[in-house]
Every structure is written in structure tokens, then in C-alpha cells.
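Source file: query23.cif (mmCIF, C-alpha atoms and all ligand atoms)
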```cif
data_run
loop_
_atom_site.group_PDB
_atom_site.id
_atom_site.type_symbol
_atom_site.label_atom_id
_atom_site.label_comp_id
_atom_site.auth_asym_id
_atom_site.auth_seq_id
_atom_site.Cartn_x
_atom_site.Cartn_y
_atom_site.Cartn_z
ATOM 1 C CA MET A 390 48.153 -13.494 131.170
ATOM 2 C CA VAL A 391 44.778 -13.570 132.903
ATOM 3 C CA PRO A 392 41.801 -14.645 130.792
ATOM 4 C CA ALA A 393 39.206 -11.927 130.675
ATOM 5 C CA THR A 394 35.590 -12.337 131.581
ATOM 6 C CA VAL A 395 33.264 -10.180 129.583
ATOM 7 C CA LEU A 396 30.698 -8.274 131.555
ATOM 8 C CA LEU A 397 28.052 -6.485 129.588
ATOM 9 C CA GLN A 398 25.606 -4.515 131.685
ATOM 10 C CA PRO A 399 22.359 -3.450 129.964
ATOM 11 C CA LEU A 400 20.944 -0.082 131.018
ATOM 12 C CA SER A 401 17.322 0.833 131.351
ATOM 13 C CA ASP A 402 16.244 4.406 130.891
ATOM 14 C CA PRO A 403 13.041 6.034 129.599
ATOM 15 C CA LEU A 404 15.031 7.708 126.801
ATOM 16 C CA LEU A 405 16.211 4.335 125.503
ATOM 17 C CA THR A 406 12.647 3.049 125.467
ATOM 18 C CA GLU A 407 11.385 6.183 123.749
ATOM 19 C CA LYS A 408 14.054 6.052 121.042
ATOM 20 C CA GLY A 409 13.888 2.279 120.671
ATOM 21 C CA VAL A 410 17.626 1.697 121.121
ATOM 22 C CA GLU A 411 19.522 -0.660 123.434
ATOM 23 C CA LEU A 412 22.485 0.560 125.441
ATOM 24 C CA SER A 413 24.857 -1.604 127.472
ATOM 25 C CA VAL A 414 28.046 -0.794 129.324
ATOM 26 C CA LEU A 415 30.996 -3.102 128.775
ATOM 27 C CA ARG A 416 32.592 -3.214 132.201
ATOM 28 C CA GLU A 417 36.246 -3.200 131.217
ATOM 29 C CA ASP A 418 36.772 -1.264 134.445
ATOM 30 C CA LEU A 419 36.230 -4.531 136.337
ATOM 31 C CA LEU A 420 38.674 -6.527 134.228
ATOM 32 C CA HIS A 421 41.572 -6.472 136.648
ATOM 33 C CA PRO A 422 41.554 -5.648 140.364
ATOM 34 C CA THR A 423 44.458 -3.176 140.370
ATOM 35 C CA ILE A 424 45.221 -2.336 136.743
ATOM 36 C CA PRO A 425 42.219 -0.452 135.439
ATOM 37 C CA GLY A 426 40.287 -1.188 132.269
ATOM 38 C CA ASN A 427 41.912 -0.339 129.014
ATOM 39 C CA LYS A 428 45.310 0.175 130.647
ATOM 40 C CA TRP A 429 45.383 -3.536 131.435
ATOM 41 C CA ARG A 430 44.491 -4.343 127.805
ATOM 42 C CA LYS A 431 47.265 -2.012 126.650
ATOM 43 C CA LEU A 432 49.892 -3.400 129.019
ATOM 44 C CA ASN A 433 49.167 -7.108 128.716
ATOM 45 C CA TYR A 434 51.273 -7.920 125.617
ATOM 46 C CA ASN A 435 53.872 -5.327 126.554
ATOM 47 C CA LEU A 436 54.450 -7.106 129.864
ATOM 48 C CA LEU A 437 54.903 -10.379 128.012
ATOM 49 C CA ALA A 438 57.386 -8.695 125.660
ATOM 50 C CA ALA A 439 59.263 -7.132 128.574
ATOM 51 C CA ARG A 440 59.539 -10.528 130.203
ATOM 52 C CA GLU A 441 60.689 -12.197 126.957
ATOM 53 C CA GLN A 442 63.343 -9.531 126.518
ATOM 54 C CA ASN A 443 64.513 -10.121 130.100
ATOM 55 C CA CYS A 444 63.817 -6.516 131.007
ATOM 56 C CA GLU A 445 63.685 -5.675 134.691
ATOM 57 C CA THR A 446 62.361 -2.138 134.708
ATOM 58 C CA LEU A 447 59.301 -0.613 133.055
ATOM 59 C CA VAL A 448 59.983 2.999 132.148
ATOM 60 C CA THR A 449 57.271 5.403 131.086
ATOM 61 C CA PHE A 450 56.042 8.991 130.866
ATOM 62 C CA GLY A 451 52.902 10.627 132.151
ATOM 63 C CA GLY A 452 51.099 13.483 133.809
ATOM 64 C CA ALA A 453 50.862 13.585 137.585
ATOM 65 C CA PHE A 454 47.258 12.320 137.688
ATOM 66 C CA SER A 455 47.617 9.844 134.863
ATOM 67 C CA ASN A 456 45.774 6.523 134.853
ATOM 68 C CA HIS A 457 48.648 5.148 132.803
ATOM 69 C CA ILE A 458 51.221 5.961 135.510
ATOM 70 C CA ALA A 459 48.906 4.327 138.072
ATOM 71 C CA ALA A 460 48.533 1.243 135.877
ATOM 72 C CA VAL A 461 52.248 0.813 135.150
ATOM 73 C CA ALA A 462 53.095 1.126 138.849
ATOM 74 C CA ALA A 463 50.480 -1.502 139.753
ATOM 75 C CA ALA A 464 51.572 -3.801 136.910
ATOM 76 C CA GLY A 465 55.198 -3.577 138.002
ATOM 77 C CA GLN A 466 54.293 -4.552 141.520
ATOM 78 C CA GLU A 467 52.071 -7.397 140.418
ATOM 79 C CA PHE A 468 54.372 -8.879 137.783
ATOM 80 C CA GLY A 469 57.738 -8.260 139.397
ATOM 81 C CA PHE A 470 59.173 -5.357 137.417
ATOM 82 C CA ALA A 471 60.775 -2.281 138.873
ATOM 83 C CA THR A 472 59.025 0.840 137.575
ATOM 84 C CA LEU A 473 60.273 4.273 136.732
ATOM 85 C CA GLY A 474 57.921 7.125 135.893
ATOM 86 C CA TYR A 475 59.045 10.314 134.179
ATOM 87 C CA LEU A 476 56.601 13.057 135.025
ATOM 88 C CA ARG A 477 55.921 16.400 133.402
ATOM 89 C CA GLY A 478 56.767 19.432 135.512
ATOM 90 C CA GLU A 479 58.080 19.865 139.019
ATOM 91 C CA GLU A 480 57.587 17.756 142.075
ATOM 92 C CA THR A 481 54.660 18.925 144.215
ATOM 93 C CA LEU A 482 54.520 17.758 147.808
ATOM 94 C CA PRO A 483 52.615 16.175 149.315
ATOM 95 C CA LEU A 484 52.291 13.841 146.356
ATOM 96 C CA ASN A 485 48.798 13.646 144.902
ATOM 97 C CA PRO A 486 46.856 10.382 145.510
ATOM 98 C CA THR A 487 47.827 8.915 142.107
ATOM 99 C CA LEU A 488 51.537 9.406 142.786
ATOM 100 C CA GLN A 489 51.228 8.308 146.415
ATOM 101 C CA ASN A 490 49.784 5.038 145.177
ATOM 102 C CA ALA A 491 52.395 4.741 142.463
ATOM 103 C CA THR A 492 55.260 5.149 144.919
ATOM 104 C CA ALA A 493 53.538 2.763 147.340
ATOM 105 C CA CYS A 494 53.675 0.216 144.478
ATOM 106 C CA GLY A 495 57.411 0.862 144.276
ATOM 107 C CA MET A 496 57.514 3.264 141.352
ATOM 108 C CA GLN A 497 60.450 5.619 141.294
ATOM 109 C CA LEU A 498 59.522 9.092 140.084
ATOM 110 C CA ARG A 499 61.652 11.486 138.081
ATOM 111 C CA TYR A 500 60.634 14.930 136.945
ATOM 112 C CA LEU A 501 61.220 16.448 133.525
ATOM 113 C CA SER A 502 60.967 20.132 132.687
ATOM 114 C CA ARG A 503 58.240 20.977 130.220
ATOM 115 C CA SER A 504 60.773 21.395 127.423
ATOM 116 C CA GLU A 505 62.384 18.015 128.188
ATOM 117 C CA TYR A 506 58.975 16.411 128.440
ATOM 118 C CA ARG A 507 58.166 17.618 124.944
ATOM 119 C CA LEU A 508 60.891 15.254 123.707
ATOM 120 C CA ARG A 509 59.185 12.179 125.124
ATOM 121 C CA HIS A 510 58.407 10.741 121.669
ATOM 122 C CA ASP A 511 61.854 11.577 120.286
ATOM 123 C CA VAL A 512 63.844 8.393 119.657
ATOM 124 C CA ARG A 513 67.175 10.007 120.542
ATOM 125 C CA PHE A 514 65.809 11.303 123.823
ATOM 126 C CA GLN A 515 64.355 7.860 124.562
ATOM 127 C CA ALA A 516 67.716 6.258 123.764
ATOM 128 C CA GLU A 517 69.375 8.604 126.300
ATOM 129 C CA ILE A 518 66.860 7.536 128.919
ATOM 130 C CA LEU A 519 67.387 3.847 128.162
ATOM 131 C CA LYS A 520 71.147 4.325 128.549
ATOM 132 C CA THR A 521 70.772 5.375 132.183
ATOM 133 C CA ALA A 522 70.241 1.776 133.343
ATOM 134 C CA PRO A 523 70.307 -1.722 131.810
ATOM 135 C CA LYS A 524 67.281 -3.898 131.019
ATOM 136 C CA GLN A 525 64.685 -1.148 130.771
ATOM 137 C CA TYR A 526 61.482 -1.587 128.763
ATOM 138 C CA LEU A 527 60.070 1.644 127.459
ATOM 139 C CA LEU A 528 56.349 2.255 127.356
ATOM 140 C CA PRO A 529 55.260 5.438 125.594
ATOM 141 C CA GLU A 530 53.085 8.033 127.304
ATOM 142 C CA GLY A 531 49.555 6.687 127.641
ATOM 143 C CA GLY A 532 50.907 3.228 126.794
ATOM 144 C CA THR A 533 49.991 3.330 123.111
ATOM 145 C CA ASN A 534 52.079 1.151 120.802
ATOM 146 C CA LEU A 535 51.263 -1.741 118.498
ATOM 147 C CA LEU A 536 51.237 -4.293 121.326
ATOM 148 C CA ALA A 537 48.725 -2.070 123.110
ATOM 149 C CA VAL A 538 46.594 -1.971 119.964
ATOM 150 C CA LYS A 539 46.806 -5.762 119.811
ATOM 151 C CA GLY A 540 45.594 -6.016 123.417
ATOM 152 C CA CYS A 541 42.661 -3.713 122.686
ATOM 153 C CA THR A 542 41.523 -5.758 119.675
ATOM 154 C CA GLU A 543 40.491 -8.344 122.272
ATOM 155 C CA ILE A 544 37.885 -5.952 123.678
ATOM 156 C CA VAL A 545 36.002 -6.738 120.475
ATOM 157 C CA SER A 546 37.026 -10.337 119.824
ATOM 158 C CA GLU A 547 35.864 -11.396 123.301
ATOM 159 C CA MET A 548 32.383 -9.898 122.829
ATOM 160 C CA ILE A 549 29.795 -12.634 122.599
ATOM 161 C CA GLU A 550 26.619 -10.571 122.491
ATOM 162 C CA PRO A 551 25.590 -8.983 119.192
ATOM 163 C CA TRP A 552 26.250 -5.253 118.833
ATOM 164 C CA ASP A 553 25.858 -2.584 116.174
ATOM 165 C CA VAL A 554 27.789 0.370 117.577
ATOM 166 C CA LEU A 555 30.779 0.434 119.946
ATOM 167 C CA CYS A 556 31.507 3.710 121.734
ATOM 168 C CA VAL A 557 34.788 4.450 123.480
ATOM 169 C CA ALA A 558 36.594 7.433 125.003
ATOM 170 C CA ALA A 559 39.884 8.465 123.423
ATOM 171 C CA GLY A 560 43.074 10.046 124.717
ATOM 172 C CA THR A 561 45.965 8.900 122.531
ATOM 173 C CA GLY A 562 43.537 6.845 120.437
ATOM 174 C CA GLY A 563 45.312 3.533 121.044
ATOM 175 C CA THR A 564 42.241 1.878 122.509
ATOM 176 C CA LEU A 565 40.047 3.192 119.712
ATOM 177 C CA ALA A 566 42.569 1.905 117.143
ATOM 178 C CA GLY A 567 42.494 -1.541 118.758
ATOM 179 C CA ILE A 568 38.722 -1.602 118.704
ATOM 180 C CA VAL A 569 38.621 -0.520 115.048
ATOM 181 C CA ALA A 570 41.204 -3.165 114.148
ATOM 182 C CA GLY A 571 39.353 -5.771 116.216
ATOM 183 C CA ALA A 572 36.010 -4.933 114.615
ATOM 184 C CA ALA A 573 37.682 -5.449 111.210
ATOM 185 C CA GLY A 574 35.033 -3.562 109.279
ATOM 186 C CA LYS A 575 32.051 -4.901 111.165
ATOM 187 C CA GLY A 576 29.531 -2.547 112.815
ATOM 188 C CA GLN A 577 30.245 1.083 113.633
ATOM 189 C CA VAL A 578 32.845 2.399 116.088
ATOM 190 C CA ILE A 579 32.616 5.881 117.615
ATOM 191 C CA GLY A 580 35.503 7.524 119.468
ATOM 192 C CA PHE A 581 34.912 10.416 121.866
ATOM 193 C CA PRO A 582 38.113 12.473 122.332
ATOM 194 C CA ALA A 583 38.665 13.756 125.874
ATOM 195 C CA LEU A 584 40.876 16.525 124.510
ATOM 196 C CA LYS A 585 39.863 19.688 122.757
ATOM 197 C CA GLY A 586 40.701 19.654 119.051
ATOM 198 C CA GLY A 587 40.363 15.882 118.947
ATOM 199 C CA ASN A 588 40.386 15.781 115.154
ATOM 200 C CA PHE A 589 44.121 15.024 115.189
ATOM 201 C CA LEU A 590 43.075 11.527 116.235
ATOM 202 C CA GLN A 591 41.641 10.888 112.774
ATOM 203 C CA GLU A 592 45.168 10.580 111.411
ATOM 204 C CA GLU A 593 46.713 8.966 114.505
ATOM 205 C CA VAL A 594 44.114 6.222 114.656
ATOM 206 C CA THR A 595 44.205 5.638 110.900
ATOM 207 C CA GLU A 596 47.983 5.196 111.113
ATOM 208 C CA LEU A 597 47.835 2.885 114.120
ATOM 209 C CA VAL A 598 45.190 0.706 112.495
ATOM 210 C CA GLN A 599 47.171 0.641 109.259
ATOM 211 C CA ALA A 600 50.399 -0.271 111.068
ATOM 212 C CA TYR A 601 48.702 -2.998 113.082
ATOM 213 C CA SER A 602 46.407 -4.607 110.550
ATOM 214 C CA GLY A 603 47.907 -3.437 107.271
ATOM 215 C CA ARG A 604 44.690 -1.846 106.139
ATOM 216 C CA ARG A 605 42.196 0.964 106.553
ATOM 217 C CA TYR A 606 38.638 0.800 107.746
ATOM 218 C CA VAL A 607 35.927 3.356 107.206
ATOM 219 C CA ASN A 608 33.380 2.128 109.756
ATOM 220 C CA TRP A 609 34.550 4.489 112.479
ATOM 221 C CA GLU A 610 34.273 8.152 113.346
ATOM 222 C CA LEU A 611 35.109 10.731 115.989
ATOM 223 C CA GLN A 612 32.614 12.813 117.945
ATOM 224 C CA THR A 613 34.797 15.763 118.899
ATOM 225 C CA SER A 614 32.330 18.055 120.650
ATOM 226 C CA TYR A 615 32.146 16.316 124.031
ATOM 227 C CA HIS A 616 35.453 17.483 125.542
ATOM 228 C CA PHE A 617 33.811 19.903 128.043
ATOM 229 C CA GLY A 618 36.534 22.520 127.675
ATOM 230 C CA GLY A 619 39.489 20.173 127.262
ATOM 231 C CA TYR A 620 41.484 17.455 128.903
ATOM 232 C CA ALA A 621 40.696 17.044 132.621
ATOM 233 C CA LYS A 622 38.249 19.977 132.431
ATOM 234 C CA HIS A 623 34.579 19.719 133.304
ATOM 235 C CA THR A 624 31.357 21.663 133.674
ATOM 236 C CA PRO A 625 28.653 21.393 136.367
ATOM 237 C CA GLU A 626 26.512 19.737 133.697
ATOM 238 C CA LEU A 627 29.062 16.945 133.204
ATOM 239 C CA LEU A 628 29.447 16.322 136.941
ATOM 240 C CA GLY A 629 25.652 16.325 137.314
ATOM 241 C CA PHE A 630 25.399 13.747 134.552
ATOM 242 C CA ILE A 631 28.048 11.482 136.118
ATOM 243 C CA GLN A 632 26.338 11.710 139.495
ATOM 244 C CA GLY A 633 22.910 10.988 138.021
ATOM 245 C CA PHE A 634 24.309 8.065 136.062
ATOM 246 C CA HIS A 635 25.767 6.619 139.238
ATOM 247 C CA THR A 636 22.484 6.982 141.116
ATOM 248 C CA GLN A 637 20.444 5.483 138.300
ATOM 249 C CA HIS A 638 22.689 2.660 137.123
ATOM 250 C CA GLY A 639 25.100 2.064 139.996
ATOM 251 C CA ILE A 640 28.097 2.580 137.727
ATOM 252 C CA LEU A 641 30.791 5.085 138.648
ATOM 253 C CA LEU A 642 32.211 6.768 135.553
ATOM 254 C CA ASP A 643 35.401 8.832 135.621
ATOM 255 C CA PRO A 644 35.435 12.585 134.967
ATOM 256 C CA VAL A 645 38.239 12.644 132.365
ATOM 257 C CA TYR A 646 37.133 10.031 129.834
ATOM 258 C CA THR A 647 34.127 7.808 130.367
ATOM 259 C CA GLY A 648 31.838 10.492 131.846
ATOM 260 C CA LYS A 649 32.276 12.605 128.724
ATOM 261 C CA MET A 650 31.821 9.634 126.409
ATOM 262 C CA LEU A 651 28.575 8.484 128.017
ATOM 263 C CA PHE A 652 27.272 12.044 128.128
ATOM 264 C CA GLY A 653 27.930 12.111 124.391
ATOM 265 C CA VAL A 654 26.230 8.769 123.810
ATOM 266 C CA PHE A 655 23.057 9.935 125.591
ATOM 267 C CA ASP A 656 23.150 13.237 123.732
ATOM 268 C CA LEU A 657 23.417 11.458 120.369
ATOM 269 C CA ILE A 658 20.544 9.146 121.311
ATOM 270 C CA GLU A 659 18.469 12.189 122.259
ATOM 271 C CA LYS A 660 19.251 13.726 118.860
ATOM 272 C CA ASP A 661 18.075 10.584 117.007
ATOM 273 C CA TYR A 662 21.564 9.801 115.785
ATOM 274 C CA PHE A 663 20.901 6.064 115.984
ATOM 275 C CA ALA A 664 18.194 4.183 114.110
ATOM 276 C CA ARG A 665 15.530 2.374 116.121
ATOM 277 C CA GLY A 666 16.673 -1.102 117.071
ATOM 278 C CA THR A 667 20.378 -0.157 117.267
ATOM 279 C CA LYS A 668 22.350 -2.095 119.869
ATOM 280 C CA ILE A 669 24.900 0.304 121.345
ATOM 281 C CA VAL A 670 27.746 -0.805 123.588
ATOM 282 C CA ALA A 671 29.659 1.840 125.569
ATOM 283 C CA VAL A 672 33.066 0.656 126.762
ATOM 284 C CA HIS A 673 33.813 1.606 130.380
ATOM 285 C CA THR A 674 37.588 1.933 130.237
ATOM 286 C CA GLY A 675 37.966 2.551 133.985
ATOM 287 C CA GLY A 676 39.847 5.546 135.341
ATOM 288 C CA GLN A 677 38.135 5.755 138.707
ATOM 289 C CA GLN A 678 41.523 5.949 140.452
ATOM 290 C CA GLY A 679 41.681 9.532 139.211
ATOM 291 C CA TRP A 680 38.740 10.693 141.327
ATOM 292 C CA LYS A 681 40.717 11.154 144.543
ATOM 293 C CA GLY A 682 43.139 13.596 142.997
ATOM 294 C CA TYR A 683 40.408 15.197 140.902
ATOM 295 C CA LYS A 684 38.281 15.894 143.953
ATOM 296 C CA GLU A 685 41.203 17.521 145.755
ATOM 297 C CA ARG A 686 42.148 19.577 142.746
ATOM 298 C CA TYR A 687 38.645 20.937 142.158
ATOM 299 C CA ARG A 688 37.468 20.800 145.795
ATOM 300 C CA LEU A 689 34.579 18.479 145.046
ATOM 301 C CA GLU A 690 32.571 16.612 147.688
ATOM 302 C CA TRP A 691 31.457 13.814 145.402
ATOM 303 C CA PRO A 692 31.984 10.919 144.883
ATOM 304 C CA VAL A 693 32.512 9.664 148.408
ATOM 305 C CA LEU A 694 35.182 6.996 147.926
HETATM 306 C C1 LIG B 1 43.787 6.184 129.166
HETATM 307 C C2 LIG B 1 42.315 6.155 129.178
HETATM 308 C C3 LIG B 1 41.565 6.300 128.002
HETATM 309 C C4 LIG B 1 42.188 6.650 126.681
HETATM 310 O O1 LIG B 1 42.868 5.599 126.117
HETATM 311 P P1 LIG B 1 43.721 5.852 124.800
HETATM 312 O O2 LIG B 1 44.126 4.516 124.375
HETATM 313 O O3 LIG B 1 44.905 6.700 125.189
HETATM 314 O O4 LIG B 1 42.884 6.589 123.828
HETATM 315 C C5 LIG B 1 40.186 6.172 128.074
HETATM 316 N N1 LIG B 1 39.576 5.941 129.242
HETATM 317 C C6 LIG B 1 40.257 5.830 130.392
HETATM 318 C C7 LIG B 1 39.508 5.625 131.637
HETATM 319 C C8 LIG B 1 41.649 5.921 130.395
HETATM 320 O O5 LIG B 1 42.316 5.805 131.554
#
```
Please lay out the structure from this file as C-alpha cells.
Amino acid sequence: MVPATVLLQPLSDPLLTEKGVELSVLREDLLHPTIPGNKWRKLNYNLLAAREQNCETLVTFGGAFSNHIAAVAAAGQEFGFATLGYLRGEETLPLNPTLQNATACGMQLRYLSRSEYRLRHDVRFQAEILKTAPKQYLLPEGGTNLLAVKGCTEIVSEMIEPWDVLCVAAGTGGTLAGIVAGAAGKGQVIGFPALKGGNFLQEEVTELVQAYSGRRYVNWELQTSYHFGGYAKHTPELLGFIQGFHTQHGILLDPVYTGKMLFGVFDLIEKDYFARGTKIVAVHTGGQQGWKGYKERYRLEWPVL
């Protein structure tokens, strides 16, 4: 709907000079003013489909701090859809900053017990949900479907500058799948799972790429040891890295996805993982909206927002 402008920000750091590699950050976080980074890529074609199907309400699932919930709420407000978010667990008041913003955008929230929430991918359960009101468009948790993969292929097809390696954080793997499909066998793509036990993404991503492009690619891999204890967990080392990165490069990463990915990228560079002369691009998928809630939850003083 809105043409994207590509913003590639080269970094300078003594380590990069020493190892003879180039590292740039692709500022997908700046792509859209209210719908952050990869969530905008993932929603774009879904919003067009929802409009074509004359749907009036976007329905989705998510955790209480989820960037996806935030993005769907903002997209609904901007593009004139009602939004309905099914959340895992019980209502906690006051609402956390993510949910406050979502409701301010007009999103209606409903709460599912943990056992109900487990059914979120079940087609019969989804059919029940769609029966509750007419003209609903269902977006899966995290927003990953084939239209989302299609949107994420454009992260690659819009790149003008030459690159050798693309690095991206992974949750459901939809963004990674789009990048792999978009790269179409060219270069090397590295996914950094934000969850512990991220190897399950090997199969998920392979299937998504296969379903979207009708083929398999082997020029991608997962680096599964940068989860820092698991989803939404962190260590002082990770927070120190994110803070240092902000001071040095003026780029605010998020603690759930992009902080871990860039930590991993620097660690791999340090360990001579990349040959001299390699041009590495790290995709900043956004997620900064999560900081407010994250700071409250872990009683952190930084970042000052
Ligand atoms: C959702 C999200 C991801 C993960 O995207 P997937 O397509 O689910 O793998 C990565 N980074 C940020 C900032 C996100 O919000």
C-alpha cells in the first residue's frame, strides 16, 4: 500500500575493521510510523486480502506484550478495520503499555484460558471464533501465513546494495521464510531464534518456503544459541550489549528479538565465522514498542523513552 524506502545504515566498529567485514543495519524498524518493521511487511498483503474479501474485522491471537498485537491494532486504526485480539491468560489490570495502546487504537480484547489458547492453530477452533461475528479476517498468532511470507520477500527484492549475508531474528520464522524465498538461492541467510530450542524452525521455515515458492533452498541456517534463556528472557550481558550498541551507533534494538540477533552477529564475527570481505546485513525488524512493558516487568531504568 505504501512504497517502502530502503534504509541501509553502515556501522563502524574496530572489530569490523580488524576482521575485515562490513556490517550494515537494514532499518525496517523505520518502514512505517505506527506499524513496526517486519509486522508491517507481514500485514501488508493480508490487509489487501481482507479489503478484497470485504472483511470488517481483523481477528488475531497473541501474548500480552506482543508486537503483533500492537501492529494489528495500529493497522486496524490506520486502514479502517475493527480489531479483535484474543490473548493468552487472564486479564491483568492496569493493562500493560502494549495493551493500553492496542485498546487506544480501538482493539477489543478477549482472554482465552491457556488450554483454549493452545487450540489457536486448530481449524475447528478458528471456525468457531469466525462464527461469532460476520466479516472477520483471521490472522494467525505472530501474523505468519503465506501472504506474510510474500510481504517479507520484498525485504530482499527491494535491496539495492550488494550483500553476502542477511541476518534476521526469528519467532515464528515467517520473516526468515520470506527472506529465504526472496533471496531465491542467492547469498547466505542466517536466522537467530529468540526462543529456546529454536531448531523446530528448521522444519517450519522449510515448509513455509516450500509452500510459498514451491521449492527448497539450502543457503540458509539457524544459529540457535543466542536465545539468552528463552523467549522474552535476558541476561545483564545482553542488556549491556543493547545499551552499548545504542550509545555507539544510535540505534535502539529491542530486547526480545533484534538485541539477541545483533549480539549473535557480533559474536560470530569475533569467532571468525565470516570470511574477510563479507558484506553482512542485519535486518532491524523493529519491536521497540515492547520496551515500555519490558521495563516495567523487569524493573529496568533503561532505555529512557
Ligand atoms: C515478530 C518479530 C520478529 C519475528 O518474526 P517472525 O516472522 O515471527 O519470525 C522479529 N523481530 C521483531 C522485532 C518482531 O516483532
Evaluated on this file, the PyMOL selection byres (((chain A and resi 661-667) around 10) and not hetatm) picks out some residues - which ones are they, written as a PyMOL selection string? chain A and resi 405-412+552-554+654-660+668-670
Report as a list in words the residues that result from applying the PyMOL selection byres (((not hetatm)) within 7 of (chain B and resi 1)) to the structure here.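 When the PyMOL selection byres (((not hetatm)) within 7 of (chain B and resi 1)) is applied to the shown file, the picked residues are Gly426, Asn427, Lys428, Asn456, His457, Gly531, Thr533, Ala558, Ala559, Gly560, Thr561, Gly562, Gly563, Thr564, Leu565, Asp643, Tyr646, Thr647, Thr674, Gly675 and Gly676 of chain A.
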Nearest to Leu641 in chain A among A:Pro582, A:Pro692, A:Gly682, A:Gly567, with distances taken over all atoms listed in the file: which residue is it? A:Pro692
Which of these, A:His616, A:Lys539, A:Arg477, A:Arg430, has the shortest distance to Leu501 in chain A once you count only C-alpha atoms? A:Arg477
On this structure, the PyMOL selection byres (((chain A and resi 679) around 9) and not hetatm) would catch which residues? List them as an NGL selection string, sorted by chain and number. :A and (454-456 or 459 or 486-487 or 643-645 or 676-678 or 680-684)
Cut-off 10 Å around (41.8, 2.6, 113.7) with all atoms listed in the file: residues as a PyMOL selection string: chain A and resi 538+562-573+578+580+590-602+604-610
Just want the 10 Å neighbourhood of Cys444 in chain A, counted on only C-alpha atoms, with same-chain residues fewer than 6 positions away dropped. Output as a ChimeraX atom specification. /A:436,438,470-471,523-527
Which value, in Å to one decimal, gives the distance between CA of Pro403 in chain A and CA of Phe630 in chain A?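 Atom-to-atom, CA of Pro403 in chain A and CA of Phe630 in chain A are spaced 15.4 Å apart.
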Rounded to one decimal place, report the CA of Ala460 in chain A-CA of Pro425 in chain A distance in Å. 6.6 Å
